[in-house]
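**Q** Structure provided below as structure tokens; questions to follow.
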Amino acid sequence: METAEDFLMDIKLRAEGIQKSFVLHLQGGMVLDVFRGVNLIVHAGECVALSGPSGIGKSTLLRILYANYKPDRGNVWVEHRGEWIDLLQAKPYRILEIRGKTIGYVSQFLRVIPRVPALEVVMEPLRSLGYPPKECRLRAEILLRRLNIPERLWTISPTLFSGGEQQRINLSRSFIYPFPILLLDEPTAALDDLNRRIVIELIQEAKARGAAVVGVFHDREVKEAVSTRSFEIPTEKIS
Amino acid sequence: MTQTTPEGSPLLKAIGLTKYFGDRVGCRDITFDLWPGEVLGIVGESGSGKTTLLNLLSGQLVRTKGTVSYWMEGRDLVDLHQLPLSQKLYLMRTEWGWVRQNPREGLRMQVSAGANVGERLMALGIRHYRTIRREVVKWFERVEIDVARVDDSPETFSGGMLQRLQIARNLVTQPRLVLMDEPTGSLDVSVQASLLDLLRRLVSELKLSLIIVTHDLAVARLLAHRLLVMRQGEVVESGLTDQVLDDPHHPYTQLLVSSVLHG
């Protein structure tokens, strides 16, 4: 039986007291309050679906967990190689190191250098960790096949791909390495049924190996298939 | 993006760096550390002091105030502005590289393409012709210039090739720090992408520290780990590249980011 201590030991990510607002200086300093007092703990092997109506800040929270957005207040603790680090206090090079080895993130946008072939784009996260080129290539090929990217596209830049193909390239990049923490922002938004089912499988496999997953899933079928619980973003606004 | 795992000390340390041209501010109170293997982007529009800052960092311009310390190979931190001229020049030829926006300023157009690359090795004291030739050929391949062009005059090269040649000339001595001033600025859009790809690969393979000045936010996003946003000679915002560009806090950064045209 799992003891309370085991449960605590399994924590991979802990967000505490997160408050976020945007100050729009070009709109006369208009302030958009998103949320405050957000606390979220994520354990190994679970998949937390961020929920709530559109505009409540689900993607914003996900981006904060990746240190892409800077909150006004709060801490995001992640376990990185056995050490607890507050992402919001960490130096830039440290955050990059954590993103390279600990946190994978699937965004809805693919940002790559034009003219770099898809295969290399997918290999890159492994290559930058120093894995031998052969192994990187092999693993990239396996994922591209699995996500049904036709082989004739592998040598072409994904900037020329359709939205669904670009999303599968993004997914391949994030599933090529077994990140302990995975953040997924609508990972199946542009996908057909077949590929959606494959993404569900990939997420299930990640959970099974102990990844802590947090996601925004608009697709109800995907959400029901992969999430172990929902997390409502509190609606209480900053007064 | 490459992983940067700094050890020990920053390679370069600027503290309160300030330059006035008479009453006009060139740069004011610039403070930052550059770690080994880190790519620092400096963004801002023309006239914001980006190039002045590069000139100050390299000691080409006399500072008004502040210090630039550099961790010299095998030595301690040295104050760059107090280094004797001969040592400064030696650094520029060996441990530092400088890639100019206009490759014609960074190359010697009257000697052959190969000599442009070989020269820097000779400055290091390498005299053996075949060793130099071998390195030159290796670098031509690395920056993807046809080796058959090695004895040609750079005058016969296209803009993109000249920029590649300038990069080879700078990197052949395996510098620790490279300064780049708008490296893609003078190029056609069609060759910018392949040059960016080349730069990114070289930076990560050679574990270079790079300071890149650019007004092109897309270039900054693809190459830089960290950004300094400059306006009227001051740093108004700094941080991780994607943080600064995706969640800009300063009014000027918000203006820059929102002014980008999406083609």
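Every chain in the structure tokens takes a letter, A first, then B, and so on in the order presented; its residues are numbered from 1, and the ligands are numbered from 1 following the presented order.
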Counting only C-alpha atoms, which residues in chain B sit no more than 9 Å from chain A? For each one, give the nearest pair of atoms and the distance in Å, sorted by chain then residue number, as a Markdown table.
**A**
```
| residue | atom | partner | partner_atom | distance |
| --- | --- | --- | --- | --- |
| B:Met1 | CA | A:Ser128 | CA | 7.1 |
| B:Thr2 | CA | A:Ser128 | CA | 5.4 |
| B:Gln3 | CA | A:Glu97 | CA | 5.6 |
| B:Thr4 | CA | A:Tyr93 | CA | 5.8 |
| B:Thr5 | CA | A:Tyr93 | CA | 6.9 |
| B:Pro6 | CA | A:Tyr93 | CA | 7.8 |
| B:Trp35 | CA | A:Tyr93 | CA | 8.6 |
| B:Glu38 | CA | A:Tyr93 | CA | 7.7 |
| B:Ala193 | CA | A:Pro114 | CA | 5.7 |
| B:Ser194 | CA | A:Arg115 | CA | 6.9 |
| B:Leu196 | CA | A:Ile113 | CA | 7.3 |
| B:Asp197 | CA | A:Ile113 | CA | 6.5 |
| B:Ser204 | CA | A:Ser128 | CA | 7.9 |
| B:Leu222 | CA | A:Ile113 | CA | 7.0 |
| B:His225 | CA | A:Tyr93 | CA | 7.6 |
| B:Arg226 | CA | A:Pro92 | CA | 6.9 |
| B:Gly239 | CA | A:Pro92 | CA | 6.7 |
| B:Leu240 | CA | A:Pro92 | CA | 5.4 |
| B:Thr241 | CA | A:Pro92 | CA | 8.8 |
| B:Asp242 | CA | A:Asn68 | CA | 6.2 |
| B:Gln243 | CA | A:Asn68 | CA | 4.9 |
| B:Val244 | CA | A:Asn68 | CA | 8.6 |
| B:Asp246 | CA | A:Tyr69 | CA | 7.0 |
| B:Asp247 | CA | A:Tyr69 | CA | 5.5 |
| B:Pro248 | CA | A:Tyr69 | CA | 8.8 |
| B:His249 | CA | A:Val23 | CA | 7.3 |
| B:His250 | CA | A:His25 | CA | 7.8 |
| B:Pro251 | CA | A:His25 | CA | 5.2 |
| B:Tyr252 | CA | A:His25 | CA | 8.6 |
| B:Gln254 | CA | A:His25 | CA | 7.3 |
| B:Leu255 | CA | A:Leu26 | CA | 7.0 |
```
**Q** Near A:Gly37, counting only C-alpha atoms, which residues have an atom at most 7 Å away, once you skip same-chain residues fewer than 5 positions from it, shown as an NGL selection string?
**A** :A and (17-19)
**Q** Taking only C-alpha atoms into account, name the residue in A:Glu135, A:Phe109, A:Val121, A:Ser157 that is nearest to A:Pro187.
**A**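 The answer is A:Phe109, which sits nearest to A:Pro187.
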**Q** Which value, in Å to one decimal, gives the distance between atom CA of A:Leu184 and atom CA of B:Arg200?
**A**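 Between atom CA of A:Leu184 and atom CA of B:Arg200 the gap works out to 26.5 Å.
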**Q** Give the answer as one residue: which of A:Val214, A:Leu61, A:Leu87, A:Val34 has the shortest atom-to-atom distance to A:Pro180, using only C-alpha atoms?
**A**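 The shortest atom-to-atom distance to A:Pro180 comes from A:Val214.
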**Q** Show which residues sit within 7 Å of B:Gly66, as a PDB file with N, CA, C and O atoms, in the first residue's frame. Count only C-alpha atoms, and ignore same-chain residues fewer than 3 positions away.
**A**
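Generated output (part35.pdb):
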```pdb
ATOM      1  N   ILE B  15      30.126  45.941 -15.932  1.00  0.00           N
ATOM      2  CA  ILE B  15      29.508  46.577 -14.756  1.00  0.00           C
ATOM      3  C   ILE B  15      29.410  48.082 -14.992  1.00  0.00           C
ATOM      4  O   ILE B  15      30.418  48.757 -15.207  1.00  0.00           O
ATOM      5  N   GLY B  16      28.197  48.571 -14.993  1.00  0.00           N
ATOM      6  CA  GLY B  16      27.953  50.022 -15.081  1.00  0.00           C
ATOM      7  C   GLY B  16      28.570  50.688 -16.289  1.00  0.00           C
ATOM      8  O   GLY B  16      28.974  51.856 -16.237  1.00  0.00           O
ATOM      9  N   LEU B  17      28.649  49.966 -17.376  1.00  0.00           N
ATOM     10  CA  LEU B  17      29.346  50.475 -18.556  1.00  0.00           C
ATOM     11  C   LEU B  17      28.588  51.659 -19.155  1.00  0.00           C
ATOM     12  O   LEU B  17      27.395  51.578 -19.455  1.00  0.00           O
ATOM     13  N   THR B  18      29.295  52.755 -19.315  1.00  0.00           N
ATOM     14  CA  THR B  18      28.660  54.008 -19.736  1.00  0.00           C
ATOM     15  C   THR B  18      29.532  54.723 -20.752  1.00  0.00           C
ATOM     16  O   THR B  18      30.760  54.722 -20.635  1.00  0.00           O
TER      17      THR B  18
END
```
**Q** Residues at most 8 Å from stretch 148-159 of chain B, counting only C-alpha atoms, excluding those fewer than 3 positions away in the same chain, as a VMD selection string?
**A** chain B and resid 103 109 to 115 137 140 145 162 to 163 186 to 187
